[in-house]
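Chemist: I am attaching a structure below and will ask some questions about it afterwards.
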Amino acid sequence: MQEDIDKWLKELKKGSTKLSILSLLHSGDKYGYELIHELEVRSGGVITIKESNAYPALHTMESDGLVESYWKESGEGIPPRKYYRITSKGREFLSGMIREWKRYVKAIDDIWGVTDGNK
Amino acid sequence: MEISKEARTRLDNRVSRIVSDIDVYESDKQEIIRELTSHFYDSSMTRAQTRGSSCIEKEDVDAILAESEDPAAIAAEYMKSFVNSLDRAGVVSRTIAFVVDLLTMLIAVFAVLLLLTLPLLPFFPGSIVINTTGNHDSTMSAVSFTSALSSAIFTILWSMGILATIVIYFVVLEGRFGFTPGKWLLGLRVLKDDGTRINYVDSLLRNLPKLLGSSSLLALDALLMVILFRKDQQRGFDKIARTIVVHKDKKSGGAHPHIG
């Protein structure tokens, strides 16, 4: 059973990767590892994204014009980091996603409330 | 923050393993290498800092890599995002590329036939004239025999030459480079539907209608693309070979900002 739940959860997390990343970038430019780390810390370990999810997603979002990137030196001995910045199209997309997310969560809440009072 | 030589080697090896499965243009590949290197460096650095060290050791990198995913899985996700970001080539650009290819191939066929014929001409004097015009002189049996023999030899040679040119032009070139001269001119590239490069078998499969030389099969195959597989812009034989044709420099999202 747990295996099935994990599988479902994986898909759910995958579906919310864009929302999570854009939400973090809304507060300032960030590099890949910083995004992954901050997401884990701020969500209390509930939302964790792996390399295979984060970087290709960032690449796609850059192609879609939601974010843009630039390289920045980070200090002696540390390899340069690729920073991501949310674009105006990304901001617009983010507010649309948040609106729909809230609507969806409310709808699910309503379903639970109606069927078995599990609210 | 320092990094030990051994730690750095392990880190670089892992990045190399991941990108060895990522089949994209060199500039994109270099960008991925730099970003993944930075990622693994930053994760290892955090671990070193947690244990109060100012130097990344082998154990830090090993611990990070043990938690990391399978290199092939990371590469596969990169390829998926890469292929989704490219614009599929439509029926117009692909038809233009095909017409260019047909014209180029006709020239290539002509050149090959010349190359096959010219060196043999001294052995069969006058045979080409007799064969092409059909002016056989029945009173000259020796010439007739020579002409029949040369006709057979040239027919076999020419058929083989034509077939080899078509196979090399469409199957070998595309299988090796992912494009024919026509596609190159139009900026098109053939890929597997998961974004990886095609091989010779894929190329052979998707080009079967051209090799069979049946115009009705070619038309039906293209018609399937317009009617049935419009979303993925695949011909019938693209579907069978699981191949797609993309604009190699056109991103489907429109704007592609690249700073720095």
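Convention: chains lettered A, B, ... in structure tokens order; per-chain residue numbering from 1; ligands numbered from 1 as shown.
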Give me the residues within 10 Å of Arg235 (chain B) as an MDAnalysis selection string, counting only C-alpha atoms and dropping any in the same chain fewer than 5 places off.
Modeler: chainID B and resid 91 206 218:230 240:245
Chemist: Please produce a file of those selected residues containing N, CA and C atoms, as a compact mmCIF listing (two decimals), in the first residue's frame.
Modeler:
```txt
# COMPACT_ATOMS: atom_id res chain seq x y z
N VAL B 91 4.73 19.84 -41.94
CA VAL B 91 4.70 19.21 -43.26
C VAL B 91 5.37 20.09 -44.33
N ARG B 206 12.50 4.28 -40.75
CA ARG B 206 11.71 5.47 -41.08
C ARG B 206 11.82 5.85 -42.56
N LEU B 218 4.59 6.58 -50.11
CA LEU B 218 5.14 7.86 -49.62
C LEU B 218 4.01 8.83 -49.28
N ALA B 219 3.02 8.88 -50.19
CA ALA B 219 1.90 9.80 -50.00
C ALA B 219 1.05 9.39 -48.80
N LEU B 220 0.79 8.10 -48.68
CA LEU B 220 -0.01 7.58 -47.57
C LEU B 220 0.68 7.86 -46.24
N ASP B 221 1.99 7.60 -46.24
CA ASP B 221 2.81 7.81 -45.04
C ASP B 221 2.74 9.28 -44.59
N ALA B 222 2.85 10.19 -45.57
CA ALA B 222 2.81 11.63 -45.25
C ALA B 222 1.40 12.05 -44.84
N LEU B 223 0.42 11.42 -45.47
CA LEU B 223 -0.98 11.75 -45.17
C LEU B 223 -1.33 11.41 -43.71
N LEU B 224 -0.75 10.31 -43.25
CA LEU B 224 -0.96 9.90 -41.86
C LEU B 224 -0.51 11.00 -40.90
N MET B 225 0.59 11.67 -41.29
CA MET B 225 1.14 12.75 -40.46
C MET B 225 0.16 13.92 -40.37
N VAL B 226 -0.46 14.21 -41.51
CA VAL B 226 -1.37 15.35 -41.55
C VAL B 226 -2.69 15.04 -40.83
N ILE B 227 -3.15 13.79 -41.00
CA ILE B 227 -4.47 13.45 -40.45
C ILE B 227 -4.38 12.88 -39.02
N LEU B 228 -3.58 11.81 -38.88
CA LEU B 228 -3.63 11.05 -37.63
C LEU B 228 -2.63 11.51 -36.57
N PHE B 229 -1.40 11.78 -36.99
CA PHE B 229 -0.35 12.08 -36.02
C PHE B 229 0.07 13.55 -36.08
N ARG B 230 -0.92 14.41 -36.25
CA ARG B 230 -0.67 15.83 -36.42
C ARG B 230 0.01 16.45 -35.18
N ILE B 240 6.38 4.15 -36.42
CA ILE B 240 6.92 2.78 -36.30
C ILE B 240 8.35 2.82 -35.75
N ALA B 241 9.16 3.73 -36.29
CA ALA B 241 10.57 3.80 -35.87
C ALA B 241 10.73 4.59 -34.58
N ARG B 242 9.64 5.17 -34.09
CA ARG B 242 9.65 6.03 -32.90
C ARG B 242 10.64 7.18 -33.06
N THR B 243 10.54 7.85 -34.21
CA THR B 243 11.41 9.00 -34.47
C THR B 243 10.58 10.27 -34.65
N ILE B 244 11.23 11.40 -34.44
CA ILE B 244 10.57 12.69 -34.64
C ILE B 244 11.51 13.60 -35.43
N VAL B 245 10.96 14.63 -36.07
CA VAL B 245 11.81 15.60 -36.77
C VAL B 245 11.59 16.97 -36.10
```
Chemist: Using only C-alpha atoms, find which residues of chain A lie within 12 Å of chain B and jot them down as an mmCIF file with C-alpha atoms, in the first residue's frame.
Modeler:
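Result file is selection.cif:
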```
data_model
loop_
_atom_site.group_PDB
_atom_site.id
_atom_site.type_symbol
_atom_site.label_atom_id
_atom_site.label_comp_id
_atom_site.auth_asym_id
_atom_site.auth_seq_id
_atom_site.Cartn_x
_atom_site.Cartn_y
_atom_site.Cartn_z
ATOM 1 C CA LYS A 14 6.324 16.275 -9.952
ATOM 2 C CA TYR A 31 21.001 28.778 -8.043
ATOM 3 C CA GLY A 32 19.999 25.122 -8.427
ATOM 4 C CA TYR A 33 21.298 23.649 -5.187
ATOM 5 C CA GLU A 34 19.994 26.636 -3.227
ATOM 6 C CA LEU A 35 16.521 26.046 -4.685
ATOM 7 C CA ILE A 36 16.552 22.326 -3.832
ATOM 8 C CA HIS A 37 17.911 22.948 -0.320
ATOM 9 C CA ILE A 49 13.085 17.493 -5.315
ATOM 10 C CA LYS A 50 15.964 15.560 -6.792
ATOM 11 C CA GLU A 51 18.460 16.576 -9.455
ATOM 12 C CA SER A 52 16.564 14.692 -12.159
ATOM 13 C CA ASN A 53 13.467 16.713 -11.378
ATOM 14 C CA ALA A 54 14.929 20.131 -10.607
ATOM 15 C CA TYR A 55 17.446 20.788 -13.395
ATOM 16 C CA PRO A 56 15.504 19.463 -16.396
ATOM 17 C CA ALA A 57 12.450 21.372 -15.056
ATOM 18 C CA LEU A 58 14.515 24.565 -14.870
ATOM 19 C CA HIS A 59 15.717 23.926 -18.412
ATOM 20 C CA THR A 60 12.139 23.523 -19.642
ATOM 21 C CA MET A 61 11.005 26.617 -17.752
ATOM 22 C CA GLU A 62 13.824 28.583 -19.342
ATOM 23 C CA SER A 63 12.769 27.378 -22.802
ATOM 24 C CA ASP A 64 9.211 28.412 -21.981
ATOM 25 C CA GLY A 65 10.406 31.894 -20.990
ATOM 26 C CA LEU A 66 9.253 31.551 -17.362
ATOM 27 C CA VAL A 67 12.765 31.994 -15.974
ATOM 28 C CA GLU A 68 16.081 33.245 -17.298
ATOM 29 C CA SER A 69 19.559 32.311 -16.169
ATOM 30 C CA TYR A 70 22.999 33.795 -15.740
ATOM 31 C CA TRP A 71 26.349 32.509 -14.468
ATOM 32 C CA LYS A 72 27.985 34.109 -11.455
ATOM 33 C CA GLU A 73 31.366 33.549 -9.796
ATOM 34 C CA SER A 74 30.901 32.347 -6.218
ATOM 35 C CA GLY A 75 34.248 32.781 -4.532
ATOM 36 C CA GLU A 76 37.699 31.306 -4.635
ATOM 37 C CA GLY A 77 37.816 27.585 -5.289
ATOM 38 C CA ILE A 78 34.058 27.330 -5.736
ATOM 39 C CA PRO A 79 32.790 26.598 -9.267
ATOM 40 C CA PRO A 80 30.605 29.322 -10.807
ATOM 41 C CA ARG A 81 26.873 28.926 -10.158
ATOM 42 C CA LYS A 82 24.001 29.206 -12.591
ATOM 43 C CA TYR A 83 21.409 31.573 -11.136
ATOM 44 C CA TYR A 84 17.775 31.654 -12.153
ATOM 45 C CA ARG A 85 15.560 34.718 -12.237
ATOM 46 C CA ILE A 86 11.777 34.745 -12.649
ATOM 47 C CA THR A 87 10.570 36.671 -15.722
ATOM 48 C CA LYS A 89 5.805 35.853 -17.874
#
```
Chemist: With distances taken over only C-alpha atoms, which of B:Ser203, B:Thr196, B:Ser16, B:Thr155 is nearest to Phe237 (chain B)?
Modeler: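 For Phe237 (chain B), the nearest of the given residues is B:Ser203.
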Chemist: Quick one, how far is CA of His26 (chain A) from CA of Val105 (chain A)?
Modeler: 21.6 Å
Chemist: May I ask for the distance between CA of Glu59 (chain B) and CA of Leu39 (chain A), given in Å to one decimal place?
Modeler: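 CA of Leu39 (chain A) lies at a distance of 25.1 Å from CA of Glu59 (chain B).
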Chemist: Determine which residues of region 6-111 of chain A receive a DSSP assignment of strand (DSSP E or B), computed from the backbone, and state them as a PDB file with N, CA and C atoms, in the first residue's frame.
Modeler:
```pdb
ATOM      1  N   LYS A  30      18.040  32.621  -7.484  1.00  0.00           N
ATOM      2  CA  LYS A  30      18.660  31.505  -6.761  1.00  0.00           C
ATOM      3  C   LYS A  30      19.329  30.538  -7.726  1.00  0.00           C
ATOM      4  N   TYR A  31      20.359  29.815  -7.213  1.00  0.00           N
ATOM      5  CA  TYR A  31      21.001  28.778  -8.043  1.00  0.00           C
ATOM      6  C   TYR A  31      20.389  27.425  -7.695  1.00  0.00           C
ATOM      7  N   VAL A  67      11.584  31.539 -16.725  1.00  0.00           N
ATOM      8  CA  VAL A  67      12.765  31.994 -15.974  1.00  0.00           C
ATOM      9  C   VAL A  67      13.881  32.303 -16.965  1.00  0.00           C
ATOM     10  N   GLU A  68      14.873  33.056 -16.493  1.00  0.00           N
ATOM     11  CA  GLU A  68      16.081  33.245 -17.298  1.00  0.00           C
ATOM     12  C   GLU A  68      17.272  32.978 -16.393  1.00  0.00           C
ATOM     13  N   SER A  69      18.430  32.720 -16.998  1.00  0.00           N
ATOM     14  CA  SER A  69      19.559  32.311 -16.169  1.00  0.00           C
ATOM     15  C   SER A  69      20.802  33.137 -16.468  1.00  0.00           C
ATOM     16  N   TYR A  70      21.699  33.157 -15.524  1.00  0.00           N
ATOM     17  CA  TYR A  70      22.999  33.795 -15.740  1.00  0.00           C
ATOM     18  C   TYR A  70      24.023  33.131 -14.827  1.00  0.00           C
ATOM     19  N   TRP A  71      25.272  33.126 -15.258  1.00  0.00           N
ATOM     20  CA  TRP A  71      26.349  32.509 -14.468  1.00  0.00           C
ATOM     21  C   TRP A  71      26.998  33.563 -13.593  1.00  0.00           C
ATOM     22  N   LYS A  72      27.369  33.159 -12.378  1.00  0.00           N
ATOM     23  CA  LYS A  72      27.985  34.109 -11.455  1.00  0.00           C
ATOM     24  C   LYS A  72      29.113  33.412 -10.696  1.00  0.00           C
ATOM     25  N   ARG A  81      28.235  29.462 -10.305  1.00  0.00           N
ATOM     26  CA  ARG A  81      26.873  28.926 -10.158  1.00  0.00           C
ATOM     27  C   ARG A  81      25.944  29.533 -11.195  1.00  0.00           C
ATOM     28  N   LYS A  82      24.984  28.717 -11.621  1.00  0.00           N
ATOM     29  CA  LYS A  82      24.001  29.206 -12.591  1.00  0.00           C
ATOM     30  C   LYS A  82      22.785  29.690 -11.808  1.00  0.00           C
ATOM     31  N   TYR A  83      22.540  30.986 -11.862  1.00  0.00           N
ATOM     32  CA  TYR A  83      21.409  31.573 -11.136  1.00  0.00           C
ATOM     33  C   TYR A  83      20.191  31.668 -12.039  1.00  0.00           C
ATOM     34  N   TYR A  84      19.033  31.530 -11.414  1.00  0.00           N
ATOM     35  CA  TYR A  84      17.775  31.654 -12.153  1.00  0.00           C
ATOM     36  C   TYR A  84      16.987  32.848 -11.634  1.00  0.00           C
ATOM     37  N   ARG A  85      16.356  33.537 -12.564  1.00  0.00           N
ATOM     38  CA  ARG A  85      15.560  34.718 -12.237  1.00  0.00           C
ATOM     39  C   ARG A  85      14.181  34.556 -12.875  1.00  0.00           C
ATOM     40  N   ILE A  86      13.141  34.875 -12.100  1.00  0.00           N
ATOM     41  CA  ILE A  86      11.777  34.745 -12.649  1.00  0.00           C
ATOM     42  C   ILE A  86      11.520  35.906 -13.624  1.00  0.00           C
TER      43      ILE A  86
END
```
Chemist: Between CA of Val112 (chain B) and CA of Gly161 (chain B), what is the spacing in Å?
Modeler: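 Between CA of Gly161 (chain B) and CA of Val112 (chain B) the gap works out to 6.5 Å.
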